[in-house]
Amino acid sequence: MEGHIIVCGDDPLGLRIVEQLRSAGREIVVVESAAELSEAGIAAAAALICADDDDALNLEIALLARQLNATVRVVVRLANGVLREAVAIGNGPGAILDVADVAAPSVVEACLSRTTHSITVAGIEFVVSGTAAPRAATLREIFGDLAPVAVLRGERSPDPGTVVPCPGRDESVAPGDWTAMIGTADELAAQGIAVTAPRMTGAHPRRSPVKPVADAIRAFREDVNPNFFKALAVSMSLLLGATVLLRFAYHRPGMSFVDALYFSTETIATVGYGDFSFVDQPTWLRLFGIVLMFAGVTTTAVLMAFVADLLLSRRIGQNAGRRKVRDLTDHIVVVGLGSFGIRVVADLKAAGHDIVVVERSRDNRYLASAAQLDVPVIFGDATLAETLDSARIDDAVAVAVLTQDDMVNIETGIVLRERLGQRWLRSADQPGVPVVLRVYDRTLGTAVAQRFGFENVRSTVELAAPWFIGTAMGLEVLGTFSVGQQSFMVGGVEVEPGSKLDGLRMADMPTQTRVIAIRHPHGDVQLHPRRETRLCAGDTAYLVGPHRELLETLHEGQSDAAETVTRRRS
């Protein structure tokens with residue numbers, strides 16, 4: 001066997017990679033350990049993809065593979081940033097990838113309701129920008145010669161929710177259809193398409209001077225143990241009762257209310273300055289004094305215990321995040337603090353947004369990273385109203401649910417939909433509150449989106465798999481983005497001599513992709529090639545489209561002779 005691809009990984013990402021490679025007609029060998037590499041034919045393999053969720057296993061297999069075959073293209077999944085940087089040095093053909101790195105931008109864009117994606121192609125910055133079709137017409141009539149990337153059918157279309165990838169300029173659209181066009185910023189602006197800038201968090205509005213006092217009272221009430229107030233009530237009742245009793249029952253010489261209050265306080269506190277005593281009082285009152293002293297010691301000890309709990313226990317740490325959240329408005333709530341969640345948090349924080357994290361586990365390994373970013377963490381179940389109140393969900397502008405459990409994410413999304421009410425809906429009058437759900441299973445994600453009306457369901461597997469596959473097959477992957485529930489990729493394909501792309505006209509491209517630029521061997525770059533433009537050997541065609549179509553185009557650009565050379569070089 002020669003020119004095959006070896007894959008390691010039995011999690012959803014690994015299984016998806018194997019599935020797509022086989023559907024593309026590639027020979028695949030699956031391994032589970034480094035010991036199986038020789039038997040799997042690493043010496044003659046075209047590429048190795050280490051996509052397991054275990055960094056140690058991926059690292060071991062990648063290092064051994066490089067020893068056995070110095071020229072094999074090795075694509076490794078590593079979540080640990082230190083390992084990723086170290087292995088990237090001298091890795092040779094291939095790439096070191098992190099799922100969070102390649103998938104997080106799509107989630108960030110959905111949280112910010114950003115319809116603009118910037119991608120650098122051949123040294124030129126292209127912008128993919130979405131806008132609603134203003135009227136019924138063809139794309140050419142509305143946007144001129146701009147290159148359409150996708151059309152998401154709206155409610156007025158016969159098939160709402162359907163994504164049409166890379167349609168022709170003569171594709172008809174209905175009012176409200178979402179259209180994604182690609183070009184430079186100047187080209188988009190010339191057609192009246194706004195290139196939206198990232199939404200930045202503005203200054204907090206002026207608050208009433210009473211608000212800090214109210215917040216302080218609420219903070220105290222939330223921070224102390226609820227039983228503290230019961231103990232305090234018992235202590236105050238004991239004090240007041242003793243004060244009234246001593247005022248009317250204490251004789252020789254008698255007491256005023258102030259004297260009675262003073263004597264009751266020093267007795268309960270077991271201070272006993274000696275200015276009053278029960279020595280000359282009736283027997284029943286002296287017995288009452290004994291009871292009062294024991295009751296005072298007990299209630300005072302209980303109150304001091306609650307105060308110590310407030311000052312010294314983990315309650316301070318547990319409520320530190322809640323205190324930081326109290327003054328926030330227009331913030332973004334992130335549920336789940338895994339390797340993916342912390343990357344999304346870091347990206348949103350870098351964009352200037354206030355973030356609140358909701359996490360169940362107090363032993364989460366990324367809590368230190370959240371602290372370094374100065375991001376408050378609320379511990380609790382995001383499906384509970386108390387937890388959502390602590391995260392000030394009613395003042396949030398977006399929510400990202402990113403736990404590692406699909407069912408938890410879906411349940412949380414349904415609860416959020418009920419809680420947000422009308423704010424859930426996006427309309428012409430209000431932008432709505434984007435709720436982004438991370439769902440590993442692509443089929444389940446699509447079904448959930450259709451059944452419950454979720455507009456922003458993101459599959460990290462679907463977003464990351466094209467990067468691993470494309471890199472392993474020799475595609476120059478430049479970026480990914482989503483339109484509706486459809487993932488798109490931008491990549492470069494080198495045209496090999498004698499391949500099916502050599503001499504092919506743009507109008508005859510066999511796949512649903514769009515060529516946005518061609519870099520010729522002498523270095524010149526041709527933007528938006530016309531229908532009669534032909535590809536030549538040595539050109540690098542930069543395409544945008546669904547990743548399956550880009551991989552098919554990559555296969556068309558590789559000649560049989562080139563593949564044979566690659567196999568022999570392996």
# chains A, B, ... in the order shown; residues from 1 in each chain; ligands from 1
>>> residues_around(residues="Asp381 (chain A)", least_positions_apart="3", cutoff="10 Å", atoms="only C-alpha atoms", output="JSON, numbers by chain")
{"A": [335, 358, 359, 360, 361, 378, 384, 385, 386, 387, 388, 408, 412]}
>>> select_by_dssp(residues="region 25-144 of chain A", states="helix (DSSP H, G or I)", output="PyMOL selection string")
chain A and resi 34-36+42-44+55-68+81-88+99-111+139-143
>>> atom_distance(atom1="CA of Ala382 (chain A)", atom2="CA of Val461 (chain A)")
23.7 Å
>>> residues_around(residues="Pro105 (chain A)", least_positions_apart="4", cutoff="12 Å", atoms="only C-alpha atoms", output="list in words")
Val99, Ala100, Asp101, Glu109, Ala110, Cys111, Leu112, Arg114, Thr116, His117, Ser118, Ile119, Phe340, Gly341, Arg343, Val344, Val345, Ala346, Asp347, Leu348, Ala351, Arg458, Thr460, Leu463, Ala464, Gly479, Thr480, Phe481 and Ser482 of chain A
>>> closest_residue(among="A:Met473, A:Ala371, A:Ala507, A:Val439", to="Leu48 (chain A)", atoms="only C-alpha atoms")
A:Met473
>>> residues_around(residues="region 82-96 of chain A", least_positions_apart="6", cutoff="12 Å", atoms="only C-alpha atoms", output="MDAnalysis selection string")
chainID A and resid 46:51 55:56 58:60 62:67 69:76 102 467:477 570
>>> write_last_selection(atoms="N, CA and C atoms", output="short mmCIF file (atom, residue, chain, number, x, y, z; two decimals), in the first residue's frame")
data_model
loop_
_atom_site.label_atom_id
_atom_site.label_comp_id
_atom_site.auth_asym_id
_atom_site.auth_seq_id
_atom_site.Cartn_x
_atom_site.Cartn_y
_atom_site.Cartn_z
N ALA A 46 1.26 8.75 2.69
CA ALA A 46 1.30 10.13 2.23
C ALA A 46 1.14 11.10 3.38
N ALA A 47 0.37 10.71 4.41
CA ALA A 47 0.13 11.61 5.53
C ALA A 47 -0.28 10.82 6.76
N LEU A 48 -0.07 11.45 7.91
CA LEU A 48 -0.50 10.89 9.19
C LEU A 48 -1.29 11.96 9.92
N ILE A 49 -2.49 11.61 10.39
CA ILE A 49 -3.32 12.54 11.16
C ILE A 49 -3.48 11.99 12.57
N CYS A 50 -2.93 12.69 13.55
CA CYS A 50 -3.07 12.32 14.96
C CYS A 50 -4.16 13.20 15.55
N ALA A 51 -5.38 12.69 15.63
CA ALA A 51 -6.54 13.50 16.02
C ALA A 51 -7.20 13.01 17.28
N ASP A 55 -3.39 14.25 24.27
CA ASP A 55 -2.18 14.91 23.77
C ASP A 55 -0.97 13.99 23.83
N ALA A 56 -0.85 13.21 24.90
CA ALA A 56 0.31 12.33 25.07
C ALA A 56 0.39 11.30 23.95
N ASN A 58 -1.04 11.49 20.91
CA ASN A 58 -0.75 12.18 19.65
C ASN A 58 0.73 12.53 19.53
N LEU A 59 1.30 13.02 20.61
CA LEU A 59 2.71 13.40 20.60
C LEU A 59 3.61 12.19 20.36
N GLU A 60 3.32 11.10 21.05
CA GLU A 60 4.14 9.89 20.89
C GLU A 60 4.10 9.37 19.45
N ALA A 62 3.29 11.03 16.70
CA ALA A 62 3.88 11.99 15.77
C ALA A 62 5.40 11.93 15.79
N LEU A 63 5.98 11.86 16.98
CA LEU A 63 7.44 11.83 17.08
C LEU A 63 8.01 10.54 16.48
N LEU A 64 7.37 9.42 16.75
CA LEU A 64 7.85 8.16 16.19
C LEU A 64 7.68 8.14 14.67
N ALA A 65 6.58 8.68 14.17
CA ALA A 65 6.34 8.72 12.73
C ALA A 65 7.41 9.54 12.03
N ARG A 66 7.81 10.65 12.64
CA ARG A 66 8.84 11.49 12.03
C ARG A 66 10.18 10.76 11.98
N GLN A 67 10.44 9.91 12.97
CA GLN A 67 11.68 9.12 12.95
C GLN A 67 11.64 8.07 11.84
N ASN A 69 9.72 8.17 9.06
CA ASN A 69 9.56 8.74 7.73
C ASN A 69 9.67 10.26 7.85
N ALA A 70 10.81 10.78 7.45
CA ALA A 70 11.08 12.22 7.63
C ALA A 70 10.27 13.10 6.69
N THR A 71 9.71 12.53 5.63
CA THR A 71 9.01 13.35 4.64
C THR A 71 7.49 13.20 4.68
N VAL A 72 6.96 12.29 5.51
CA VAL A 72 5.52 12.12 5.58
C VAL A 72 4.89 13.40 6.16
N ARG A 73 3.73 13.73 5.64
CA ARG A 73 3.04 14.92 6.12
C ARG A 73 2.32 14.56 7.42
N VAL A 74 2.73 15.18 8.53
CA VAL A 74 2.19 14.86 9.86
C VAL A 74 1.31 16.01 10.34
N VAL A 75 0.05 15.71 10.62
CA VAL A 75 -0.90 16.69 11.16
C VAL A 75 -1.28 16.23 12.56
N VAL A 76 -0.96 17.05 13.57
CA VAL A 76 -1.11 16.63 14.96
C VAL A 76 -2.07 17.57 15.69
N VAL A 102 -8.98 26.58 15.77
CA VAL A 102 -9.63 26.63 14.46
C VAL A 102 -11.15 26.80 14.56
N TRP A 467 -9.85 21.32 8.54
CA TRP A 467 -8.46 21.76 8.70
C TRP A 467 -7.52 20.57 8.70
N PHE A 468 -7.87 19.53 9.44
CA PHE A 468 -7.01 18.34 9.52
C PHE A 468 -6.94 17.63 8.17
N ILE A 469 -8.11 17.46 7.54
CA ILE A 469 -8.14 16.75 6.27
C ILE A 469 -7.43 17.54 5.18
N GLY A 470 -7.76 18.83 5.09
CA GLY A 470 -7.15 19.65 4.05
C GLY A 470 -5.65 19.73 4.18
N THR A 471 -5.16 19.92 5.40
CA THR A 471 -3.71 19.99 5.62
C THR A 471 -3.05 18.66 5.27
N ALA A 472 -3.69 17.56 5.64
CA ALA A 472 -3.11 16.24 5.36
C ALA A 472 -3.05 15.96 3.86
N MET A 473 -4.00 16.50 3.10
CA MET A 473 -4.04 16.23 1.66
C MET A 473 -3.28 17.27 0.85
N GLY A 474 -2.68 18.27 1.53
CA GLY A 474 -1.86 19.24 0.82
C GLY A 474 -2.56 20.53 0.49
N LEU A 475 -3.75 20.75 1.03
CA LEU A 475 -4.47 22.00 0.79
C LEU A 475 -3.92 23.08 1.72
N GLU A 476 -3.74 24.29 1.18
CA GLU A 476 -3.31 25.42 1.99
C GLU A 476 -4.56 26.04 2.63
N VAL A 477 -4.85 25.64 3.85
CA VAL A 477 -6.06 26.09 4.53
C VAL A 477 -5.82 27.49 5.10
N SER A 570 7.73 9.65 -0.30
CA SER A 570 7.37 9.19 1.04
C SER A 570 8.18 7.96 1.43
#
>>> select_by_dssp(residues="region 352-536 of chain A", states="strand (DSSP E)", output="short mmCIF file (atom, residue, chain, number, x, y, z; two decimals) with all heavy atoms, in the first residue's frame")
data_model
loop_
_atom_site.label_atom_id
_atom_site.label_comp_id
_atom_site.auth_asym_id
_atom_site.auth_seq_id
_atom_site.Cartn_x
_atom_site.Cartn_y
_atom_site.Cartn_z
N ILE A 355 -16.95 39.56 30.24
CA ILE A 355 -17.32 38.14 30.16
C ILE A 355 -17.66 37.64 31.55
O ILE A 355 -17.01 38.00 32.53
CB ILE A 355 -16.17 37.28 29.59
CG1 ILE A 355 -15.60 37.91 28.31
CG2 ILE A 355 -16.66 35.86 29.32
CD1 ILE A 355 -16.59 38.02 27.18
N VAL A 356 -18.68 36.78 31.63
CA VAL A 356 -19.01 36.06 32.85
C VAL A 356 -19.05 34.58 32.50
O VAL A 356 -19.71 34.19 31.53
CB VAL A 356 -20.36 36.50 33.44
CG1 VAL A 356 -20.71 35.64 34.65
CG2 VAL A 356 -20.32 37.97 33.83
N VAL A 357 -18.34 33.76 33.27
CA VAL A 357 -18.28 32.32 33.01
C VAL A 357 -19.16 31.60 34.04
O VAL A 357 -19.13 31.93 35.23
CB VAL A 357 -16.84 31.80 33.10
CG1 VAL A 357 -16.81 30.27 33.06
CG2 VAL A 357 -16.00 32.36 31.96
N VAL A 358 -19.93 30.63 33.58
CA VAL A 358 -20.69 29.75 34.47
C VAL A 358 -20.09 28.36 34.36
O VAL A 358 -19.99 27.80 33.26
CB VAL A 358 -22.19 29.72 34.08
CG1 VAL A 358 -22.94 28.73 34.97
CG2 VAL A 358 -22.80 31.11 34.19
N GLU A 359 -19.65 27.82 35.50
CA GLU A 359 -18.97 26.53 35.51
C GLU A 359 -19.46 25.71 36.71
O GLU A 359 -19.67 26.25 37.79
CB GLU A 359 -17.46 26.75 35.60
CG GLU A 359 -16.63 25.51 35.89
CD GLU A 359 -16.78 24.42 34.83
OE1 GLU A 359 -16.91 24.76 33.64
OE2 GLU A 359 -16.79 23.24 35.20
N VAL A 377 -16.10 34.01 37.63
CA VAL A 377 -16.66 32.67 37.42
C VAL A 377 -17.78 32.45 38.43
O VAL A 377 -17.59 32.61 39.64
CB VAL A 377 -15.59 31.58 37.58
CG1 VAL A 377 -16.19 30.19 37.39
CG2 VAL A 377 -14.44 31.80 36.59
N ILE A 378 -18.95 32.09 37.93
CA ILE A 378 -20.10 31.74 38.76
C ILE A 378 -20.19 30.22 38.79
O ILE A 378 -20.31 29.58 37.74
CB ILE A 378 -21.40 32.33 38.20
CG1 ILE A 378 -21.28 33.85 38.06
CG2 ILE A 378 -22.58 31.96 39.10
CD1 ILE A 378 -21.06 34.58 39.35
N PHE A 379 -20.14 29.64 39.98
CA PHE A 379 -20.24 28.19 40.11
C PHE A 379 -21.71 27.80 40.27
O PHE A 379 -22.41 28.33 41.14
CB PHE A 379 -19.44 27.70 41.31
CG PHE A 379 -17.96 27.89 41.15
CD1 PHE A 379 -17.30 28.90 41.84
CD2 PHE A 379 -17.23 27.09 40.30
CE1 PHE A 379 -15.95 29.10 41.69
CE2 PHE A 379 -15.87 27.27 40.15
CZ PHE A 379 -15.22 28.28 40.84
N ALA A 396 -27.37 40.42 29.79
CA ALA A 396 -26.36 39.91 28.85
C ALA A 396 -26.78 40.20 27.42
O ALA A 396 -27.97 40.29 27.10
CB ALA A 396 -26.16 38.42 29.05
N VAL A 397 -25.79 40.35 26.55
CA VAL A 397 -26.06 40.59 25.13
C VAL A 397 -25.81 39.35 24.29
O VAL A 397 -26.14 39.33 23.09
CB VAL A 397 -25.20 41.76 24.61
CG1 VAL A 397 -25.58 43.05 25.28
CG2 VAL A 397 -23.71 41.48 24.80
N ALA A 398 -25.24 38.29 24.87
CA ALA A 398 -25.01 37.04 24.14
C ALA A 398 -24.68 35.95 25.15
O ALA A 398 -24.20 36.23 26.26
CB ALA A 398 -23.88 37.18 23.13
N VAL A 399 -24.96 34.70 24.77
CA VAL A 399 -24.66 33.55 25.61
C VAL A 399 -24.04 32.47 24.72
O VAL A 399 -24.56 32.18 23.64
CB VAL A 399 -25.92 32.98 26.30
CG1 VAL A 399 -25.53 31.87 27.27
CG2 VAL A 399 -26.68 34.07 27.03
N ALA A 400 -22.92 31.89 25.19
CA ALA A 400 -22.29 30.77 24.49
C ALA A 400 -22.28 29.57 25.43
O ALA A 400 -21.71 29.64 26.52
CB ALA A 400 -20.87 31.13 24.07
N VAL A 401 -22.92 28.49 25.02
CA VAL A 401 -23.02 27.28 25.83
C VAL A 401 -22.03 26.26 25.25
O VAL A 401 -22.28 25.69 24.18
CB VAL A 401 -24.45 26.72 25.85
CG1 VAL A 401 -24.55 25.56 26.83
CG2 VAL A 401 -25.45 27.81 26.22
N VAL A 435 -27.71 33.07 21.13
CA VAL A 435 -27.39 31.94 22.00
C VAL A 435 -26.68 30.91 21.13
O VAL A 435 -27.28 30.32 20.23
CB VAL A 435 -28.66 31.34 22.64
CG1 VAL A 435 -28.29 30.10 23.45
CG2 VAL A 435 -29.35 32.37 23.52
N VAL A 436 -25.40 30.71 21.39
CA VAL A 436 -24.56 29.82 20.58
C VAL A 436 -24.41 28.50 21.32
O VAL A 436 -23.98 28.47 22.48
CB VAL A 436 -23.18 30.44 20.33
CG1 VAL A 436 -22.38 29.57 19.36
CG2 VAL A 436 -23.32 31.86 19.78
N LEU A 437 -24.77 27.42 20.67
CA LEU A 437 -24.68 26.09 21.28
C LEU A 437 -23.58 25.29 20.60
O LEU A 437 -23.52 25.20 19.38
CB LEU A 437 -26.00 25.33 21.15
CG LEU A 437 -27.26 25.96 21.75
CD1 LEU A 437 -28.43 25.01 21.61
CD2 LEU A 437 -27.04 26.32 23.21
N ARG A 438 -22.73 24.69 21.40
CA ARG A 438 -21.73 23.77 20.88
C ARG A 438 -22.31 22.36 20.91
O ARG A 438 -22.62 21.83 21.97
CB ARG A 438 -20.47 23.82 21.76
CG ARG A 438 -19.42 22.79 21.39
CD ARG A 438 -18.33 22.76 22.46
NE ARG A 438 -17.22 21.91 22.10
CZ ARG A 438 -16.15 21.71 22.86
NH1 ARG A 438 -16.08 22.32 24.04
NH2 ARG A 438 -15.18 20.92 22.48
N ASN A 456 -27.74 29.48 15.97
CA ASN A 456 -26.28 29.44 16.10
C ASN A 456 -25.82 28.15 16.77
O ASN A 456 -25.35 28.17 17.90
CB ASN A 456 -25.78 30.65 16.89
CG ASN A 456 -26.11 31.96 16.21
OD1 ASN A 456 -25.66 32.25 15.11
ND2 ASN A 456 -26.93 32.78 16.86
N VAL A 457 -26.02 27.05 16.09
CA VAL A 457 -25.50 25.77 16.56
C VAL A 457 -24.18 25.51 15.85
O VAL A 457 -24.11 25.54 14.62
CB VAL A 457 -26.49 24.62 16.29
CG1 VAL A 457 -25.90 23.29 16.74
CG2 VAL A 457 -27.81 24.88 17.00
N ARG A 458 -23.12 25.29 16.62
CA ARG A 458 -21.79 25.09 16.05
C ARG A 458 -21.25 23.74 16.47
O ARG A 458 -21.24 23.39 17.64
CB ARG A 458 -20.83 26.19 16.52
CG ARG A 458 -21.22 27.60 16.06
CD ARG A 458 -21.02 27.74 14.56
NE ARG A 458 -21.32 29.10 14.10
CZ ARG A 458 -22.49 29.50 13.64
NH1 ARG A 458 -23.51 28.63 13.61
NH2 ARG A 458 -22.67 30.74 13.22
N GLU A 476 -3.74 24.29 1.18
CA GLU A 476 -3.31 25.42 1.99
C GLU A 476 -4.56 26.04 2.63
O GLU A 476 -5.25 26.85 2.02
CB GLU A 476 -2.59 26.45 1.11
CG GLU A 476 -2.06 27.65 1.89
CD GLU A 476 -1.46 28.70 0.97
OE1 GLU A 476 -1.38 28.45 -0.25
OE2 GLU A 476 -1.10 29.79 1.48
N VAL A 477 -4.85 25.64 3.85
CA VAL A 477 -6.06 26.09 4.53
C VAL A 477 -5.82 27.49 5.10
O VAL A 477 -4.88 27.72 5.85
CB VAL A 477 -6.45 25.13 5.66
CG1 VAL A 477 -7.74 25.61 6.34
CG2 VAL A 477 -6.64 23.71 5.12
N LEU A 478 -6.69 28.43 4.73
CA LEU A 478 -6.52 29.82 5.15
C LEU A 478 -7.56 30.27 6.17
O LEU A 478 -7.32 31.21 6.91
CB LEU A 478 -6.59 30.74 3.92
CG LEU A 478 -5.54 30.49 2.84
CD1 LEU A 478 -5.80 31.36 1.63
CD2 LEU A 478 -4.14 30.72 3.39
N GLY A 479 -8.71 29.62 6.21
CA GLY A 479 -9.72 30.02 7.18
C GLY A 479 -11.03 29.30 6.94
O GLY A 479 -11.26 28.71 5.87
N THR A 480 -11.89 29.35 7.95
CA THR A 480 -13.23 28.78 7.85
C THR A 480 -14.23 29.77 8.43
O THR A 480 -13.89 30.61 9.26
CB THR A 480 -13.35 27.44 8.61
OG1 THR A 480 -12.99 27.65 9.98
CG2 THR A 480 -12.46 26.38 8.00
N PHE A 481 -15.47 29.67 8.00
CA PHE A 481 -16.55 30.48 8.54
C PHE A 481 -17.86 29.75 8.27
O PHE A 481 -17.88 28.74 7.54
CB PHE A 481 -16.57 31.89 7.93
CG PHE A 481 -16.73 31.92 6.43
CD1 PHE A 481 -17.99 32.02 5.87
CD2 PHE A 481 -15.62 31.83 5.60
CE1 PHE A 481 -18.15 32.03 4.49
CE2 PHE A 481 -15.77 31.85 4.22
CZ PHE A 481 -17.03 31.95 3.66
N SER A 482 -18.94 30.23 8.86
CA SER A 482 -20.23 29.57 8.73
C SER A 482 -21.28 30.52 8.16
O SER A 482 -21.27 31.71 8.46
CB SER A 482 -20.71 29.04 10.09
OG SER A 482 -19.82 28.09 10.62
N VAL A 483 -22.15 29.97 7.34
CA VAL A 483 -23.35 30.68 6.87
C VAL A 483 -24.52 29.77 7.20
O VAL A 483 -24.63 28.67 6.64
CB VAL A 483 -23.29 30.98 5.37
CG1 VAL A 483 -24.58 31.65 4.93
CG2 VAL A 483 -22.09 31.85 5.03
N GLN A 486 -24.10 25.85 7.54
CA GLN A 486 -23.16 25.35 6.55
C GLN A 486 -21.77 25.94 6.82
O GLN A 486 -21.62 27.15 7.00
CB GLN A 486 -23.61 25.74 5.15
CG GLN A 486 -22.66 25.34 4.04
CD GLN A 486 -22.78 23.88 3.66
OE1 GLN A 486 -23.86 23.40 3.35
NE2 GLN A 486 -21.68 23.17 3.71
N SER A 487 -20.75 25.07 6.86
CA SER A 487 -19.38 25.52 7.07
C SER A 487 -18.70 25.72 5.72
O SER A 487 -18.85 24.90 4.81
CB SER A 487 -18.59 24.50 7.89
OG SER A 487 -19.13 24.38 9.19
N PHE A 488 -17.95 26.81 5.61
CA PHE A 488 -17.22 27.13 4.39
C PHE A 488 -15.73 27.24 4.71
O PHE A 488 -15.35 27.57 5.84
CB PHE A 488 -17.72 28.43 3.77
CG PHE A 488 -19.07 28.32 3.14
CD1 PHE A 488 -20.22 28.34 3.91
CD2 PHE A 488 -19.20 28.19 1.76
CE1 PHE A 488 -21.47 28.24 3.33
CE2 PHE A 488 -20.45 28.09 1.16
CZ PHE A 488 -21.59 28.11 1.94
N MET A 489 -14.91 26.98 3.70
CA MET A 489 -13.47 27.03 3.86
C MET A 489 -12.86 27.87 2.76
O MET A 489 -13.38 27.92 1.63
CB MET A 489 -12.88 25.61 3.83
CG MET A 489 -11.36 25.55 3.87
SD MET A 489 -10.72 23.86 3.70
CE MET A 489 -11.08 23.23 5.33
N VAL A 490 -11.76 28.53 3.10
CA VAL A 490 -10.96 29.24 2.11
C VAL A 490 -9.59 28.57 2.06
O VAL A 490 -8.95 28.39 3.10
CB VAL A 490 -10.81 30.74 2.47
CG1 VAL A 490 -9.96 31.45 1.42
CG2 VAL A 490 -12.17 31.40 2.59
N GLY A 491 -9.16 28.18 0.88
CA GLY A 491 -7.89 27.47 0.77
C GLY A 491 -7.25 27.65 -0.60
O GLY A 491 -7.89 28.12 -1.55
N GLY A 492 -5.99 27.29 -0.66
CA GLY A 492 -5.24 27.40 -1.91
C GLY A 492 -4.91 26.04 -2.48
O GLY A 492 -4.51 25.13 -1.75
N VAL A 493 -5.07 25.89 -3.78
CA VAL A 493 -4.79 24.64 -4.49
C VAL A 493 -3.75 24.92 -5.58
O VAL A 493 -3.97 25.79 -6.44
CB VAL A 493 -6.07 24.05 -5.12
CG1 VAL A 493 -5.73 22.83 -5.96
CG2 VAL A 493 -7.09 23.71 -4.04
N GLU A 494 -2.65 24.20 -5.55
CA GLU A 494 -1.62 24.34 -6.58
C GLU A 494 -1.97 23.45 -7.77
O GLU A 494 -2.27 22.26 -7.59
CB GLU A 494 -0.25 23.99 -6.03
CG GLU A 494 0.87 24.21 -7.03
CD GLU A 494 2.24 23.94 -6.46
OE1 GLU A 494 2.33 23.74 -5.22
OE2 GLU A 494 3.22 23.92 -7.23
N ARG A 514 -15.77 28.79 -5.59
CA ARG A 514 -15.56 30.04 -6.31
C ARG A 514 -14.09 30.42 -6.17
O ARG A 514 -13.55 30.49 -5.07
CB ARG A 514 -16.44 31.14 -5.74
CG ARG A 514 -16.30 32.46 -6.51
CD ARG A 514 -17.43 33.39 -6.15
NE ARG A 514 -18.73 32.82 -6.48
CZ ARG A 514 -19.25 32.77 -7.71
NH1 ARG A 514 -18.56 33.23 -8.75
NH2 ARG A 514 -20.43 32.24 -7.92
N VAL A 515 -13.45 30.65 -7.32
CA VAL A 515 -12.05 31.08 -7.33
C VAL A 515 -12.03 32.59 -7.14
O VAL A 515 -12.58 33.34 -7.94
CB VAL A 515 -11.36 30.69 -8.65
CG1 VAL A 515 -9.91 31.17 -8.64
CG2 VAL A 515 -11.41 29.17 -8.85
N ILE A 516 -11.40 33.03 -6.06
CA ILE A 516 -11.39 34.46 -5.77
C ILE A 516 -10.06 35.11 -6.18
O ILE A 516 -9.98 36.34 -6.31
CB ILE A 516 -11.64 34.73 -4.28
CG1 ILE A 516 -10.62 34.01 -3.41
CG2 ILE A 516 -13.05 34.31 -3.91
CD1 ILE A 516 -10.77 34.30 -1.93
N ALA A 517 -9.03 34.31 -6.38
CA ALA A 517 -7.74 34.86 -6.80
C ALA A 517 -6.87 33.74 -7.36
O ALA A 517 -7.04 32.57 -7.01
CB ALA A 517 -7.03 35.54 -5.63
N ILE A 518 -5.98 34.13 -8.23
CA ILE A 518 -5.00 33.19 -8.79
C ILE A 518 -3.62 33.83 -8.66
O ILE A 518 -3.40 34.96 -9.09
CB ILE A 518 -5.28 32.88 -10.28
CG1 ILE A 518 -6.67 32.26 -10.45
CG2 ILE A 518 -4.21 31.95 -10.84
CD1 ILE A 518 -7.08 32.07 -11.90
N ARG A 519 -2.71 33.07 -8.05
CA ARG A 519 -1.33 33.54 -7.98
C ARG A 519 -0.52 32.77 -9.01
O ARG A 519 -0.43 31.55 -8.98
CB ARG A 519 -0.74 33.32 -6.58
CG ARG A 519 0.67 33.91 -6.42
CD ARG A 519 1.18 33.74 -5.00
NE ARG A 519 1.26 32.33 -4.64
CZ ARG A 519 1.38 31.88 -3.39
NH1 ARG A 519 1.42 32.75 -2.39
NH2 ARG A 519 1.45 30.59 -3.14
N VAL A 525 -0.71 38.38 -8.84
CA VAL A 525 -1.98 37.89 -8.32
C VAL A 525 -3.11 38.48 -9.13
O VAL A 525 -3.21 39.70 -9.30
CB VAL A 525 -2.15 38.25 -6.82
CG1 VAL A 525 -3.51 37.77 -6.32
CG2 VAL A 525 -1.03 37.64 -6.00
N GLN A 526 -3.98 37.61 -9.64
CA GLN A 526 -5.14 38.03 -10.41
C GLN A 526 -6.38 37.87 -9.54
O GLN A 526 -6.70 36.76 -9.11
CB GLN A 526 -5.27 37.20 -11.69
CG GLN A 526 -6.48 37.57 -12.55
CD GLN A 526 -6.58 36.69 -13.80
OE1 GLN A 526 -5.73 35.83 -14.04
NE2 GLN A 526 -7.62 36.90 -14.57
N LEU A 527 -7.09 38.97 -9.27
CA LEU A 527 -8.27 38.93 -8.44
C LEU A 527 -9.52 38.68 -9.27
O LEU A 527 -9.64 39.18 -10.40
CB LEU A 527 -8.43 40.25 -7.67
CG LEU A 527 -7.30 40.65 -6.71
CD1 LEU A 527 -7.64 41.96 -6.02
CD2 LEU A 527 -7.04 39.57 -5.70
#
>>> closest_residue(among="A:Ser256, A:Gly25, A:Gly338, A:Pro466", to="Asp405 (chain A)", atoms="only C-alpha atoms")
A:Gly338
>>> atom_distance(atom1="CA of Pro546 (chain A)", atom2="CA of Tyr440 (chain A)")
18.5 Å
>>> closest_residue(among="A:Arg548, A:Ser172, A:Pro376, A:Glu125", to="Glu462 (chain A)", atoms="only C-alpha atoms")
A:Arg548
>>> residues_around(residues="Ala190 (chain A)", least_positions_apart="3", cutoff="10 Å", atoms="only C-alpha atoms", output="PyMOL selection string")
chain A and resi 143-144+146+184-187+193-194
>>> closest_residue(among="A:Ile61, A:Thr115, A:Val307, A:Gly161", to="Asn225 (chain A)", atoms="only C-alpha atoms")
A:Val307
>>> residues_around(residues="Pro134 (chain A)", least_positions_apart="3", cutoff="9 Å", atoms="only C-alpha atoms", output="PyMOL selection string")
chain A and resi 131+137+142+174-177
>>> closest_residue(among="A:Leu97, A:Val258, A:Ile6, A:Val334", to="Ala34 (chain A)", atoms="only C-alpha atoms")
A:Ile6
